[in-house]
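Shown below: protein.txt, with compact mmCIF, C-alpha atoms.
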# COMPACT_ATOMS: atom_id res chain seq x y z
CA MET A 568 -175.14 -70.36 76.67
CA SER A 569 -174.80 -66.95 75.03
CA ALA A 570 -175.66 -66.30 71.42
CA ASP A 571 -172.95 -66.53 68.79
CA GLY A 572 -170.63 -63.56 68.87
CA PHE A 573 -167.14 -62.39 68.03
CA ALA A 574 -164.01 -61.48 69.96
CA GLY A 575 -161.00 -59.38 69.04
CA VAL A 576 -157.92 -59.81 71.21
CA ASP A 577 -154.80 -57.62 71.33
CA VAL A 578 -151.71 -59.25 72.86
CA GLY A 579 -149.04 -56.63 73.45
CA GLY A 580 -146.02 -56.14 75.63
CA GLY A 581 -148.16 -54.54 78.33
CA GLY A 582 -150.80 -57.25 78.57
CA ILE A 583 -153.91 -58.58 76.83
CA ARG A 584 -157.02 -56.64 75.82
CA ALA A 585 -160.22 -58.04 74.40
CA ARG A 586 -163.23 -56.55 72.65
CA ILE A 587 -166.23 -58.89 72.72
CA GLU A 588 -169.43 -58.64 70.69
CA SER A 589 -171.97 -61.12 72.01
CA GLY A 590 -175.66 -61.28 72.84
CA GLY A 591 -176.45 -57.96 71.24
CA GLY A 592 -173.86 -55.97 73.20
CA ARG A 593 -170.20 -55.08 73.32
CA SER A 594 -167.79 -55.36 76.23
CA TYR A 595 -164.12 -54.90 76.98
CA GLY A 596 -161.69 -56.83 79.14
CA GLU A 597 -158.06 -56.31 80.10
CA ASP A 598 -155.32 -58.41 81.68
CA VAL A 599 -152.28 -56.22 82.40
CA ALA A 600 -149.82 -58.95 83.42
CA PRO A 601 -146.82 -59.40 81.09
CA VAL A 602 -147.35 -61.69 78.13
CA PRO A 603 -146.12 -65.21 79.06
CA ARG A 604 -142.78 -66.14 77.51
CA THR A 605 -140.52 -69.17 77.59
CA ASN A 606 -136.91 -68.73 76.46
CA GLY A 607 -137.88 -65.38 74.97
CA ARG A 608 -140.71 -66.74 72.80
CA VAL A 609 -144.41 -66.23 73.43
CA ASP A 610 -145.71 -69.24 75.38
CA LEU A 611 -148.81 -70.07 73.35
CA ASP A 612 -150.13 -72.67 75.81
CA GLN A 613 -150.15 -70.18 78.66
CA LEU A 614 -151.40 -67.42 76.36
CA ALA A 615 -154.38 -69.52 75.23
CA VAL A 616 -155.39 -70.09 78.86
CA ARG A 617 -155.11 -66.36 79.60
CA ILE A 618 -157.13 -65.41 76.50
CA ALA A 619 -159.84 -67.96 77.30
CA GLY A 620 -160.19 -66.68 80.84
CA LEU A 621 -160.29 -63.03 79.80
CA VAL A 622 -162.75 -63.46 76.93
CA GLY A 623 -164.95 -65.86 78.88
CA SER A 624 -165.36 -63.49 81.81
CA ALA A 625 -165.37 -60.11 80.08
CA ALA A 626 -168.86 -60.16 78.59
CA HIS A 627 -171.36 -57.39 79.20
CA PRO A 628 -173.68 -58.00 82.18
CA GLY A 629 -175.11 -61.44 81.59
CA PRO A 630 -173.87 -65.01 81.35
CA PRO A 631 -170.21 -65.71 80.50
CA VAL A 632 -169.31 -66.10 76.84
CA GLU A 633 -169.65 -69.77 75.90
CA ARG A 634 -169.75 -69.74 72.11
CA LEU A 635 -168.19 -67.51 69.46
CA ALA A 636 -168.57 -67.61 65.71
CA GLY A 637 -165.15 -66.03 65.26
CA MET A 638 -162.16 -64.70 67.13
CA ALA A 639 -159.03 -62.86 66.03
CA VAL A 640 -155.85 -62.49 68.05
CA GLY A 641 -153.23 -59.88 67.23
CA ILE A 642 -149.87 -60.82 68.78
CA THR A 643 -146.69 -58.84 69.20
CA GLY A 644 -143.70 -60.74 67.88
CA LEU A 645 -145.52 -62.49 65.02
CA PRO A 646 -143.65 -63.59 63.01
CA GLY A 647 -140.39 -64.27 64.79
CA LEU A 648 -141.21 -64.88 68.45
CA VAL A 649 -144.37 -66.93 67.96
CA GLY A 650 -144.27 -70.64 67.17
CA ASP A 651 -147.17 -72.55 65.64
CA PRO A 652 -150.32 -70.36 65.76
CA GLY A 653 -152.33 -73.56 65.44
CA GLU A 654 -151.73 -74.13 69.15
CA LEU A 655 -154.15 -71.29 69.86
CA TRP A 656 -156.70 -72.81 67.49
CA HIS A 657 -156.71 -76.18 69.22
CA THR A 658 -157.29 -74.66 72.66
CA LEU A 659 -159.64 -71.80 71.84
CA ARG A 660 -161.76 -73.75 69.37
CA GLY A 661 -162.65 -76.27 72.04
CA ARG A 662 -163.33 -73.61 74.66
CA PHE A 663 -165.63 -71.43 72.54
CA GLY A 664 -166.80 -73.71 69.70
CA LEU A 665 -165.12 -71.36 67.27
CA GLY A 666 -166.10 -71.35 63.64
CA ALA A 667 -162.99 -69.36 62.69
CA LEU A 668 -159.83 -68.06 64.32
CA VAL A 669 -157.49 -65.43 62.92
CA VAL A 670 -153.97 -65.13 64.34
CA ALA A 671 -152.19 -62.02 63.09
CA GLY A 672 -149.28 -59.74 63.87
CA ASP A 673 -150.34 -56.77 65.96
CA ALA A 674 -149.23 -54.50 63.11
CA VAL A 675 -152.14 -55.87 61.07
CA THR A 676 -154.78 -55.58 63.81
CA THR A 677 -153.64 -52.06 64.67
CA HIS A 678 -153.78 -51.05 61.00
CA VAL A 679 -157.31 -52.40 60.57
CA GLY A 680 -158.38 -50.82 63.84
CA ALA A 681 -157.05 -47.41 62.84
CA LEU A 682 -158.00 -47.23 59.15
CA GLY A 683 -160.47 -50.04 58.61
CA PHE A 684 -159.63 -51.98 55.47
CA GLU A 685 -158.19 -48.89 53.79
CA PRO A 686 -154.67 -48.05 52.55
CA GLY A 687 -152.22 -46.01 54.56
CA VAL A 688 -149.46 -46.10 57.15
CA VAL A 689 -150.22 -46.98 60.76
CA ILE A 690 -147.64 -46.95 63.52
CA ALA A 691 -148.35 -49.09 66.56
CA ALA A 692 -146.53 -47.81 69.64
CA GLY A 693 -146.88 -49.31 73.08
CA THR A 694 -144.17 -51.22 74.88
CA GLY A 695 -142.57 -51.68 71.45
CA VAL A 696 -142.99 -50.12 68.01
CA ILE A 697 -143.97 -51.57 64.67
CA THR A 698 -145.22 -49.75 61.58
CA LEU A 699 -147.20 -51.13 58.66
CA GLY A 700 -147.73 -49.29 55.41
CA THR A 701 -150.00 -51.11 52.98
CA ASP A 702 -152.48 -50.72 50.16
CA LEU A 703 -153.95 -54.11 51.21
CA ASP A 704 -152.83 -55.49 47.88
CA GLY A 705 -149.25 -55.52 46.60
CA VAL A 706 -147.56 -53.09 49.00
CA TRP A 707 -146.73 -54.35 52.49
CA ASN A 708 -144.04 -52.28 54.17
CA GLN A 709 -143.06 -53.15 57.74
CA THR A 710 -140.58 -50.99 59.64
CA ASP A 711 -139.07 -51.61 63.07
CA GLY A 712 -140.73 -54.17 65.33
CA TRP A 713 -137.29 -55.59 66.14
CA GLY A 714 -137.73 -55.80 69.90
CA HIS A 715 -136.35 -53.72 72.75
CA LEU A 716 -132.74 -54.87 72.29
CA LEU A 717 -132.48 -54.38 68.53
CA GLY A 718 -135.06 -51.72 67.75
CA ASP A 719 -138.50 -50.49 68.84
CA HIS A 720 -137.08 -46.97 68.73
CA GLY A 721 -139.39 -44.44 70.31
CA GLY A 722 -141.57 -47.03 72.04
CA GLY A 723 -142.41 -47.31 75.71
CA ALA A 724 -139.49 -49.58 76.57
CA TRP A 725 -137.13 -47.29 74.65
CA ILE A 726 -138.41 -44.20 76.50
CA GLY A 727 -138.23 -45.98 79.85
CA ARG A 728 -134.70 -47.16 79.13
CA GLN A 729 -133.53 -43.67 78.14
CA GLY A 730 -135.10 -42.28 81.30
CA LEU A 731 -133.37 -44.87 83.46
CA HIS A 732 -130.06 -44.13 81.71
CA ALA A 733 -130.44 -40.48 82.74
CA ALA A 734 -131.47 -41.44 86.27
CA LEU A 735 -128.45 -43.69 86.72
CA ARG A 736 -126.14 -41.02 85.35
CA ALA A 737 -127.47 -38.67 87.99
CA HIS A 738 -126.95 -41.36 90.64
CA ASP A 739 -123.33 -41.79 89.53
CA GLY A 740 -122.64 -38.09 89.11
CA ARG A 741 -121.96 -38.44 85.39
CA PRO A 742 -122.89 -35.77 82.84
CA GLY A 743 -126.28 -35.99 81.17
CA GLY A 744 -128.16 -37.15 84.25
CA SER A 745 -131.51 -36.02 85.60
CA ALA A 746 -132.19 -35.58 89.31
CA ALA A 747 -135.91 -35.55 88.58
CA LEU A 748 -135.72 -38.93 86.87
CA LEU A 749 -133.49 -40.33 89.61
CA GLU A 750 -136.09 -39.36 92.18
CA ARG A 751 -138.83 -41.05 90.19
CA MET A 752 -136.70 -44.14 89.54
CA THR A 753 -136.01 -44.55 93.25
CA ALA A 754 -139.68 -44.10 94.11
CA ARG A 755 -140.68 -46.78 91.61
CA PHE A 756 -137.87 -49.33 91.76
CA GLY A 757 -135.88 -48.64 94.91
CA HIS A 758 -132.10 -48.80 94.91
CA PRO A 759 -130.38 -49.15 91.52
CA LEU A 760 -129.28 -52.65 92.48
CA ASP A 761 -132.95 -53.60 92.90
CA LEU A 762 -133.57 -52.27 89.41
CA VAL A 763 -130.65 -54.28 88.00
CA ALA A 764 -132.05 -57.48 89.50
CA LEU A 765 -135.52 -56.76 88.11
CA ILE A 766 -134.30 -56.03 84.58
CA TYR A 767 -131.74 -58.80 84.18
CA GLU A 768 -133.53 -61.63 85.96
CA GLY A 769 -136.65 -63.00 84.24
CA ASN A 770 -138.42 -62.57 80.92
CA ALA A 771 -140.19 -59.23 81.36
CA ALA A 772 -137.42 -56.65 80.86
CA ALA A 773 -139.31 -54.74 78.15
CA HIS A 774 -142.43 -54.60 80.34
CA HIS A 775 -140.48 -53.19 83.29
CA LEU A 776 -138.63 -50.67 81.13
CA ALA A 777 -141.89 -49.46 79.58
CA SER A 778 -143.46 -49.09 83.02
CA PHE A 779 -141.09 -46.17 83.62
CA ALA A 780 -142.20 -44.26 80.50
CA PRO A 781 -145.13 -42.57 82.31
CA SER A 782 -142.67 -41.30 84.93
CA VAL A 783 -140.51 -39.85 82.14
CA GLY A 784 -143.67 -38.18 80.86
CA ASP A 785 -144.48 -36.73 84.29
CA ALA A 786 -140.95 -35.33 84.57
CA ALA A 787 -141.17 -33.79 81.08
CA ARG A 788 -144.46 -32.08 81.92
CA ALA A 789 -142.93 -30.80 85.16
CA GLY A 790 -140.21 -29.06 83.15
CA ASP A 791 -137.30 -31.51 83.23
CA LEU A 792 -135.34 -30.82 80.05
CA VAL A 793 -133.70 -34.25 79.88
CA ALA A 794 -137.08 -35.99 80.04
CA ALA A 795 -138.56 -33.59 77.49
CA ARG A 796 -135.73 -34.33 75.06
CA ILE A 797 -136.33 -38.06 75.43
CA TRP A 798 -139.96 -37.67 74.38
CA THR A 799 -139.05 -35.35 71.51
CA GLU A 800 -136.53 -37.87 70.23
CA ALA A 801 -139.11 -40.64 70.61
CA GLY A 802 -141.57 -38.70 68.44
CA ARG A 803 -138.89 -38.25 65.79
CA HIS A 804 -138.09 -41.95 65.80
CA LEU A 805 -141.77 -42.76 65.32
CA GLY A 806 -141.98 -40.28 62.46
CA GLN A 807 -138.93 -41.82 60.79
CA SER A 808 -140.50 -45.27 61.05
CA ALA A 809 -143.72 -43.98 59.50
CA VAL A 810 -141.87 -42.25 56.66
CA ALA A 811 -139.92 -45.42 55.84
CA ALA A 812 -143.15 -47.43 55.67
CA ALA A 813 -144.81 -44.99 53.26
CA THR A 814 -142.85 -46.05 50.17
CA GLY A 815 -145.22 -46.58 47.25
CA LEU A 816 -148.28 -45.25 49.11
CA ASP A 817 -150.34 -42.08 49.32
CA PRO A 818 -149.21 -40.15 52.42
CA VAL A 819 -152.04 -41.12 54.78
CA PHE A 820 -150.88 -41.69 58.35
CA SER A 821 -152.55 -42.91 61.51
CA TRP A 822 -151.45 -44.46 64.76
CA GLY A 823 -152.41 -46.83 67.54
CA GLY A 824 -151.17 -48.04 70.89
CA ARG A 825 -151.21 -46.56 74.36
CA LEU A 826 -148.02 -44.59 73.95
CA PHE A 827 -150.01 -42.07 71.92
CA ASP A 828 -152.04 -41.28 75.03
CA ALA A 829 -149.10 -38.89 75.63
CA ALA A 830 -150.08 -36.95 72.51
CA ASP A 831 -148.96 -33.66 74.07
CA LEU A 832 -145.39 -34.98 74.15
CA LEU A 833 -145.32 -37.06 70.96
CA MET A 834 -147.50 -35.62 68.25
CA GLU A 835 -145.60 -32.46 67.38
CA PRO A 836 -142.21 -34.15 66.77
CA PHE A 837 -143.94 -37.13 65.13
CA ARG A 838 -145.92 -35.02 62.67
CA GLY A 839 -143.05 -32.62 62.08
CA THR A 840 -140.73 -35.47 61.10
CA VAL A 841 -143.29 -36.88 58.67
CA ARG A 842 -144.14 -33.49 57.14
CA ALA A 843 -140.45 -32.74 56.53
CA LEU A 844 -140.58 -35.37 53.77
CA PHE A 845 -144.33 -35.33 53.00
CA PRO A 846 -145.56 -31.71 53.25
CA ASP A 847 -148.99 -32.86 52.07
CA ALA A 848 -149.23 -35.72 54.59
CA ARG A 849 -152.71 -36.42 55.89
CA PHE A 850 -153.03 -37.49 59.52
CA THR A 851 -156.15 -39.46 60.37
CA PRO A 852 -157.02 -40.11 64.02
CA PRO A 853 -157.51 -43.84 64.59
CA ARG A 854 -161.07 -45.12 64.28
CA GLY A 855 -160.39 -47.80 66.87
CA THR A 856 -157.79 -49.83 68.70
CA SER A 857 -155.91 -52.99 67.85
CA ALA A 858 -158.61 -54.99 69.66
CA ASP A 859 -161.24 -53.29 67.45
CA GLY A 860 -159.19 -54.24 64.39
CA ALA A 861 -159.01 -57.83 65.59
CA LEU A 862 -162.79 -57.83 66.06
CA ALA A 863 -163.23 -56.66 62.46
CA LEU A 864 -160.91 -59.45 61.26
CA ALA A 865 -162.90 -62.01 63.27
CA ARG A 866 -166.15 -60.92 61.61
CA ALA A 867 -164.55 -60.95 58.16
CA ALA A 868 -163.09 -64.43 58.66
CA SER A 869 -166.43 -65.77 59.86
CA ALA A 870 -168.17 -64.26 56.82
CA GLY A 871 -165.53 -65.63 54.44
CA THR A 872 -164.61 -62.15 53.17
CA LEU A 873 -161.08 -61.93 54.58
CA ARG A 874 -158.52 -61.67 51.81
CA PRO A 875 -156.26 -64.72 52.03
CA HIS A 876 -153.11 -62.94 50.83
CA PHE A 877 -152.65 -60.77 53.92
CA PRO A 878 -149.12 -61.39 55.22
CA TYR A 879 -148.50 -61.87 58.94
CA LEU A 880 -151.91 -63.52 59.19
CA TYR A 881 -153.22 -67.08 59.63
CA VAL A 882 -156.85 -68.16 59.34
CA PHE A 883 -158.17 -71.38 60.90
CA SER A 884 -161.68 -72.57 60.18
CA ALA A 885 -163.88 -75.35 61.47
CA ASP A 886 -162.45 -77.87 59.00
CA ARG A 887 -159.11 -77.40 60.77
CA THR A 888 -157.45 -76.26 57.56
CA PRO A 889 -155.19 -73.25 58.17
CA ALA A 890 -154.93 -70.61 55.46
CA ARG A 891 -152.14 -68.09 55.28

So that I can check it, write out the structure of this file as structure tokens.
Amino acid sequence: MSADGFAGVDVGGGGIRARIESGGGRSYGEDVAPVPRTNGRVDLDQLAVRIAGLVGSAAHPGPPVERLAGMAVGITGLPGLVGDPGELWHTLRGRFGLGALVVAGDAVTTHVGALGFEPGVVIAAGTGVITLGTDLDGVWNQTDGWGHLLGDHGGGAWIGRQGLHAALRAHDGRPGGSAALLERMTARFGHPLDLVALIYEGNAAAHHLASFAPSVGDAARAGDLVAARIWTEAGRHLGQSAVAAATGLDPVFSWGGRLFDAADLLMEPFRGTVRALFPDARFTPPRGTSADGALALARAASAGTLRPHFPYLYVFSADRTPAR
């Protein structure tokens, strides 16, 4: 049995990632399958099994993780698409002998990962988009995070959807299409009817839409003007979300999520949009990821130093009493 350790888990639209600190070392694990859903809501029973398998097997070279003093899980869709977070506690406590479990919205874990426990605005952009501006006290501003049908403007699913719109316009011969995106769509998904079946049948539409965002990026870098405009507009949407979340705060901005790996396409329109309203805005590269933020929350909960008034956050301890 390994020594007591901690785990931080990030559950996003593109899969599950875990940062584990155990036995004197750190390790990382990833499960890229879509997050399990039932009737549109996160299936916490299936998710608990997936988390347990990933964390248990992702330790640094040595025996599997058997015992953890604390774990934190940041979940997309909390609140709203997540039922009783206590379901994770009941399963994961028994598997790892947990002393404490934190279940939080991924906006919180991304914020802590990017800025530590310091004030500012952090935009989390992956499959979806959610922004949290907070002073960790009385100001808690959330913008977007409304899902791929109602919002998430500028996120991976949004970019993929815009790219597929342009590809299908080219297929139909309508104005505004892109032959370059049509070629990439066909290479990835096959005939448009195959794409229609994939998107409209099942529970992973956002995942499939976001999977086309890298192809839109490739087309933009190759000089396709339609694809380039999509990424520029995405950066502006992200900047608008960040600006809206900055009310009542000093203009400190950071970011998280894999969409920002395309910094060459996103950062200029993102920063330009923010600076149009906040000329003195300060942009701070993220210190870590959402999984790193979850790991910090797990350590804080185990030590009893986690502030109980954080919104979008639940703490379960060994006496089975949840705090919110």

Output as JSON lines one row per residue of stretch 769-810 of chain A within 9 Å of stretch 683-690 of chain A: the closest atom pair and its distance in Å to one decimal place, counting only C-alpha atoms, sorted by chain and residue number ascending.
{"residue": "A:Leu805", "atom": "CA", "partner": "A:Ile690", "partner_atom": "CA", "distance": 7.4}
{"residue": "A:Gly806", "atom": "CA", "partner": "A:Ile690", "partner_atom": "CA", "distance": 8.8}
{"residue": "A:Ser808", "atom": "CA", "partner": "A:Ile690", "partner_atom": "CA", "distance": 7.7}
{"residue": "A:Ala809", "atom": "CA", "partner": "A:Ile690", "partner_atom": "CA", "distance": 6.4}
{"residue": "A:Val810", "atom": "CA", "partner": "A:Val688", "partner_atom": "CA", "distance": 8.5}

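Using all atoms listed in the file, the smallest distance between any of A:Gly644, A:Gly582, A:Ala636, A:Thr753 and A:Ala870 comes from A:Ala636.
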
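When atom CA of A:Val675 is paired with atom CA of A:Asp577, their separation reads 10.7 Å.
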
**Message:** I'd like the contact shell of stretch 715-724 of chain A - 12 Å cut-off, all atoms listed in the file, skipping same-chain residues fewer than 5 positions apart - returned as a ChimeraX atom specification.
**Reply:** /A:579-581,607,643-644,690-698,710,729-731,766,771-784,796-809,823-829,832-833,836-837

**Asked** So which one's closest to A:Thr814, A:Ala787, A:Ser869, A:Gly700, A:Thr851? Using only C-alpha atoms, please.
**Response** A:Gly700
